[in-house]
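Source file: data_25.cif (mmCIF, C-alpha atoms)
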```
data_entry
#
loop_
_atom_site.label_atom_id
_atom_site.label_comp_id
_atom_site.auth_asym_id
_atom_site.auth_seq_id
_atom_site.Cartn_x
_atom_site.Cartn_y
_atom_site.Cartn_z
CA MET A 1 -2.21 25.77 -124.71
CA GLY A 2 -1.36 26.17 -120.99
CA SER A 3 -3.93 25.84 -118.28
CA ILE A 4 -4.44 28.53 -115.70
CA GLY A 5 -3.63 27.36 -112.19
CA ALA A 6 -1.80 24.23 -113.34
CA ARG A 7 0.18 22.58 -110.58
CA ARG A 8 3.91 22.11 -110.79
CA VAL A 9 4.82 18.52 -110.11
CA VAL A 10 7.64 18.11 -107.62
CA SER A 11 9.05 14.94 -106.15
CA GLN A 12 9.86 14.25 -102.54
CA ASP A 13 13.54 13.98 -103.51
CA GLN A 14 13.45 17.45 -105.16
CA VAL A 15 11.88 18.90 -102.05
CA LEU A 16 14.45 17.23 -99.81
CA ARG A 17 17.37 18.50 -101.90
CA GLY A 18 15.88 22.00 -101.84
CA ALA A 19 15.30 21.80 -98.10
CA CYS A 20 18.90 20.68 -97.52
CA ARG A 21 20.17 23.66 -99.52
CA PHE A 22 17.84 25.98 -97.60
CA PHE A 23 18.95 24.57 -94.24
CA LEU A 24 22.63 24.91 -95.11
CA ARG A 25 22.10 28.57 -96.04
CA HIS A 26 19.79 29.55 -93.16
CA GLY A 27 20.11 26.99 -90.34
CA ARG A 28 16.39 26.33 -90.48
CA VAL A 29 13.61 25.32 -92.86
CA GLU A 30 10.85 27.88 -93.38
CA MET A 31 8.07 26.22 -95.31
CA ASP A 32 6.77 29.36 -97.07
CA ALA A 33 10.24 30.40 -98.18
CA LEU A 34 11.11 26.84 -99.20
CA ALA A 35 7.93 26.56 -101.27
CA ALA A 36 8.74 29.85 -102.99
CA SER A 37 12.31 28.72 -103.70
CA LEU A 38 10.94 25.54 -105.29
CA ALA A 39 8.31 27.51 -107.25
CA ILE A 40 5.45 25.55 -105.69
CA SER A 41 2.62 26.46 -103.36
CA ARG A 42 2.76 25.80 -99.65
CA ALA A 43 -0.14 23.36 -100.09
CA THR A 44 1.84 21.41 -102.70
CA LEU A 45 4.85 21.35 -100.40
CA TYR A 46 2.79 19.87 -97.57
CA ARG A 47 1.18 17.33 -99.94
CA VAL A 48 4.67 16.10 -100.76
CA VAL A 49 6.27 16.12 -97.28
CA HIS A 50 3.24 16.05 -94.94
CA SER A 51 4.92 17.88 -92.03
CA ARG A 52 7.73 20.30 -91.29
CA ASP A 53 9.06 18.04 -88.53
CA GLY A 54 9.24 15.10 -90.92
CA LEU A 55 11.04 17.21 -93.51
CA LEU A 56 13.46 18.52 -90.89
CA ALA A 57 14.17 14.97 -89.73
CA ASP A 58 14.95 13.97 -93.31
CA VAL A 59 17.16 17.03 -93.83
CA LEU A 60 19.06 16.47 -90.59
CA TRP A 61 19.58 12.81 -91.38
CA VAL A 62 20.79 13.44 -94.95
CA LEU A 63 23.32 15.98 -93.69
CA ALA A 64 24.38 13.83 -90.72
CA ASP A 65 24.69 10.76 -92.91
CA ARG A 66 27.13 12.65 -95.16
CA LEU A 67 29.28 13.52 -92.14
CA LEU A 68 29.07 9.97 -90.86
CA ALA A 69 30.10 8.55 -94.25
CA ARG A 70 33.10 10.87 -94.33
CA ALA A 71 34.08 9.90 -90.77
CA ARG A 72 33.88 6.24 -91.73
CA GLN A 73 36.05 6.80 -94.82
CA GLU A 74 38.67 8.70 -92.79
CA ARG A 75 38.85 6.05 -90.06
CA THR A 76 42.41 4.86 -89.44
CA ASN A 77 41.82 2.46 -86.53
CA VAL A 78 40.11 -0.93 -86.45
CA GLY A 79 37.94 -2.67 -83.89
CA VAL A 80 36.45 -0.79 -80.98
CA GLU A 81 39.04 1.99 -81.44
CA GLY A 82 37.80 2.42 -85.02
CA VAL A 83 34.20 2.71 -83.81
CA LEU A 84 35.22 5.37 -81.29
CA GLU A 85 37.29 7.20 -83.91
CA VAL A 86 34.32 7.39 -86.28
CA THR A 87 32.24 8.82 -83.45
CA ARG A 88 34.90 11.41 -82.51
CA ARG A 89 35.21 12.56 -86.13
CA PHE A 90 31.44 12.69 -86.62
CA VAL A 91 30.82 14.60 -83.39
CA ALA A 92 33.60 17.09 -84.17
CA ASP A 93 32.19 17.72 -87.65
CA LEU A 94 28.65 18.05 -86.36
CA ARG A 95 29.72 20.48 -83.65
CA ALA A 96 31.54 22.54 -86.30
CA ALA A 97 28.47 22.71 -88.56
CA GLY A 98 27.26 26.30 -88.26
CA PRO A 99 23.77 25.73 -89.72
CA PHE A 100 23.17 22.86 -87.31
CA ARG A 101 24.32 24.90 -84.30
CA ALA A 102 22.08 27.76 -85.44
CA PHE A 103 19.13 25.38 -85.65
CA LEU A 104 19.74 24.02 -82.14
CA ARG A 105 19.94 27.58 -80.75
CA SER A 106 16.92 28.97 -82.58
CA GLU A 107 14.56 25.98 -82.30
CA PRO A 108 15.50 23.88 -79.26
CA ASP A 109 12.01 22.41 -78.77
CA THR A 110 11.75 21.43 -82.42
CA ALA A 111 15.27 19.98 -82.30
CA ILE A 112 14.41 17.80 -79.31
CA ARG A 113 11.21 16.61 -80.97
CA VAL A 114 12.83 15.86 -84.32
CA LEU A 115 16.10 14.39 -83.06
CA PHE A 116 14.81 12.18 -80.25
CA ASN A 117 11.19 11.18 -80.91
CA THR A 118 10.67 7.93 -82.69
CA ALA A 119 8.31 9.67 -85.11
CA GLY A 120 11.16 11.96 -86.24
CA GLY A 121 13.23 9.03 -87.33
CA VAL A 122 16.66 10.61 -86.78
CA HIS A 123 17.42 8.53 -83.70
CA ARG A 124 16.17 5.33 -85.35
CA ARG A 125 18.35 5.98 -88.41
CA ALA A 126 21.34 6.78 -86.19
CA VAL A 127 20.93 3.46 -84.38
CA SER A 128 20.69 1.63 -87.70
CA ALA A 129 23.85 3.36 -88.98
CA GLN A 130 25.66 2.57 -85.73
CA LYS A 131 24.69 -1.07 -86.07
CA GLU A 132 26.29 -1.06 -89.55
CA ILE A 133 29.46 0.45 -88.08
CA LEU A 134 29.53 -2.24 -85.39
CA LEU A 135 29.10 -4.94 -88.03
CA GLU A 136 32.22 -3.62 -89.79
CA VAL A 137 34.30 -4.69 -86.78
CA ASP A 138 35.73 -8.14 -87.37
CA GLY A 139 35.18 -10.27 -84.29
CA GLY A 140 33.47 -7.51 -82.31
CA PRO A 141 33.06 -8.35 -78.63
CA TRP A 142 29.26 -8.12 -78.71
CA SER A 143 26.98 -11.02 -79.48
CA ALA A 144 24.65 -10.94 -82.47
CA ALA A 145 21.73 -11.03 -80.03
CA ALA A 146 23.00 -7.92 -78.22
CA LEU A 147 23.91 -5.93 -81.34
CA ASP A 148 20.66 -3.91 -81.53
CA GLN A 149 20.84 -3.02 -77.85
CA VAL A 150 24.54 -2.12 -78.02
CA ALA A 151 23.88 0.17 -81.00
CA PHE A 152 20.92 1.78 -79.21
CA LEU A 153 22.83 2.37 -75.95
CA TYR A 154 25.92 3.62 -77.77
CA VAL A 155 23.88 6.15 -79.77
CA ARG A 156 22.06 7.33 -76.63
CA ILE A 157 25.39 7.95 -74.89
CA VAL A 158 26.70 9.90 -77.89
CA GLU A 159 23.45 11.89 -78.10
CA SER A 160 23.62 12.61 -74.36
CA ALA A 161 27.09 14.09 -74.77
CA LEU A 162 26.42 15.86 -78.05
CA TYR A 163 23.13 17.43 -76.96
CA ALA A 164 23.72 17.78 -73.20
CA GLU A 165 23.32 21.56 -73.26
CA LEU A 166 20.10 21.27 -75.24
CA LEU A 167 18.70 18.63 -72.88
CA SER A 168 19.98 19.82 -69.50
CA GLY A 169 21.49 23.25 -70.01
CA ALA A 170 24.99 22.08 -69.10
CA PRO A 171 27.72 20.39 -71.12
CA LEU A 172 28.79 16.82 -70.46
CA ASP A 173 32.45 15.88 -70.14
CA PRO A 174 33.40 14.30 -73.51
CA ALA A 175 35.98 12.03 -71.85
CA LEU A 176 33.34 10.66 -69.48
CA ALA A 177 30.95 10.07 -72.37
CA GLU A 178 33.66 8.25 -74.33
CA THR A 179 34.44 6.08 -71.31
CA ALA A 180 30.76 5.16 -71.04
CA ALA A 181 30.54 4.46 -74.78
CA ARG A 182 33.68 2.31 -74.66
CA THR A 183 32.24 0.38 -71.71
CA VAL A 184 29.06 -0.37 -73.65
CA LEU A 185 31.11 -1.61 -76.60
CA LEU A 186 33.34 -3.82 -74.48
CA GLN A 187 30.86 -5.23 -71.97
CA HIS A 188 28.05 -6.58 -74.15
CA ARG A 189 29.16 -10.00 -75.22
#
```

Would you put the structure from the file into structure tokens?
Amino acid sequence: MGSIGARRVVSQDQVLRGACRFFLRHGRVEMDALAASLAISRATLYRVVHSRDGLLADVLWVLADRLLARARQERTNVGVEGVLEVTRRFVADLRAAGPFRAFLRSEPDTAIRVLFNTAGGVHRRAVSAQKEILLEVDGGPWSAAALDQVAFLYVRIVESALYAELLSGAPLDPALAETAARTVLLQHR
């Protein structure tokens, strides 16, 4: 005997997977449409994820983390050159990602909020991932004490280049950004 108005139980992981699929198809996450695609109510969706910005941050990180993992696997160089190679591959893949570009164009204010605010968590996760990449370098030139700051500064330089048009309306010279990133990697001992 079924009950009228019974709630469908959905996990945060199911919602995230559905949101990733939605984002890849549409370059955005519309909560009403996502809820419908998951066969849940909008209220249930918000009970699970709490906010659209938080869900977007999780979606963007899951998709970025996949690209970053691939860039790390394809790395052919070691040391600082390997770190820079991972970044070049990741940035190229991210720039080629149509859904991501569509999101940046259609929702620039949301993108800035989700990508750069500490509450969004994307930047924090990027710094943590960059720290892992730096730790993969045998005998890296940075001290253990400086590692967190090097990872933070490196990520901010990459973000500045990657999102320059979003932040300032004008592109940043990739060669200049790489020079700055290389300097951060080599000068923090």

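Using all atoms listed in the file, the shortest contact distance between Ala97 (chain A) and any of A:Arg72, A:Arg25, A:Arg156, A:Arg47 is found at A:Arg25.
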
inquiry  = One number please: CA of Val80 (chain A) to CA of Tyr163 (chain A), in Å, one decimal.
reply    =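 For CA of Val80 (chain A) relative to CA of Tyr163 (chain A), the distance reads 22.9 Å.
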
query = Using all atoms listed in the file, which of the listed residues (A:Glu178, A:Asp65, A:Asp53, A:Glu136) sits closest to Leu115 (chain A)?
reply =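 Counting all atoms listed in the file, the residue closest to Leu115 (chain A) is A:Asp53.
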
ask   = With all atoms listed in the file as the atoms that count, which of A:Ala35, A:Val184, A:Ala129, A:Ala102 lies nearest to Ala69 (chain A)?
value = A:Ala129

query = Written as number ranges by chain, which residues does the PyMOL selection byres ((chain A and resi 71) around 12) give for the file shown?
reply = A: 64-70, 72-77, 82-94, 133

Just the selected residues (C-alpha atoms), exported as a compact mmCIF listing (two decimals), in the frame of the given file, please.
```txt
# COMPACT_ATOMS: atom_id res chain seq x y z
CA ALA A 64 24.38 13.83 -90.72
CA ASP A 65 24.69 10.76 -92.91
CA ARG A 66 27.13 12.65 -95.16
CA LEU A 67 29.28 13.52 -92.14
CA LEU A 68 29.07 9.97 -90.86
CA ALA A 69 30.10 8.55 -94.25
CA ARG A 70 33.10 10.87 -94.33
CA ARG A 72 33.88 6.24 -91.73
CA GLN A 73 36.05 6.80 -94.82
CA GLU A 74 38.67 8.70 -92.79
CA ARG A 75 38.85 6.05 -90.06
CA THR A 76 42.41 4.86 -89.44
CA ASN A 77 41.82 2.46 -86.53
CA GLY A 82 37.80 2.42 -85.02
CA VAL A 83 34.20 2.71 -83.81
CA LEU A 84 35.22 5.37 -81.29
CA GLU A 85 37.29 7.20 -83.91
CA VAL A 86 34.32 7.39 -86.28
CA THR A 87 32.24 8.82 -83.45
CA ARG A 88 34.90 11.41 -82.51
CA ARG A 89 35.21 12.56 -86.13
CA PHE A 90 31.44 12.69 -86.62
CA VAL A 91 30.82 14.60 -83.39
CA ALA A 92 33.60 17.09 -84.17
CA ASP A 93 32.19 17.72 -87.65
CA LEU A 94 28.65 18.05 -86.36
CA ILE A 133 29.46 0.45 -88.08
```

request  = Just the residues within 12 Å of Phe103 (chain A), please, counting all atoms listed in the file, with nothing from its chain fewer than 5 positions along; format it as a list in words.
outcome  = Phe23, Leu24, Arg25, His26, Gly27, Arg28, Val29, Glu30, Leu56, Val59, Leu60, Arg95, Ala97, Gly98, Pro108, Asp109, Thr110, Ala111, Ile112, Val114, Leu115 and Leu166 of chain A

request  = Report the residues retrieved by the PyMOL selection byres ((chain A and resi 14-18) around 9) from the displayed file, expressed as a ChimeraX atom specification.
outcome  = /A:10-13,19-23,34-35,37-38,45,48-49,55,58-59,62

ask   = So how far away is CA of Asp148 (chain A) from CA of Ala126 (chain A), in Å?
value =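 About the pair CA of Ala126 (chain A) and CA of Asp148 (chain A): they are 11.7 Å apart.
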
inquiry  = Using all atoms listed in the file, can you tell me which of A:Ile40, A:Arg125, A:Leu185, A:Ala119 comes closest to Leu147 (chain A)?
reply    = A:Leu185

message = Could you list, as a list in words, every residue within 12 Å of Ala164 (chain A), counting all atoms listed in the file and ignoring same-chain residues fewer than 5 positions away?
response = Leu104, Pro108, Ile112, Arg156, Ile157, Val158, Glu159, Gly169, Ala170, Pro171, Leu172, Asp173, Pro174 and Ala177 of chain A

request  = Could you check how far CA of Phe100 (chain A) sits from CA of Ser51 (chain A), in Å to one decimal?
outcome  = 19.5 Å
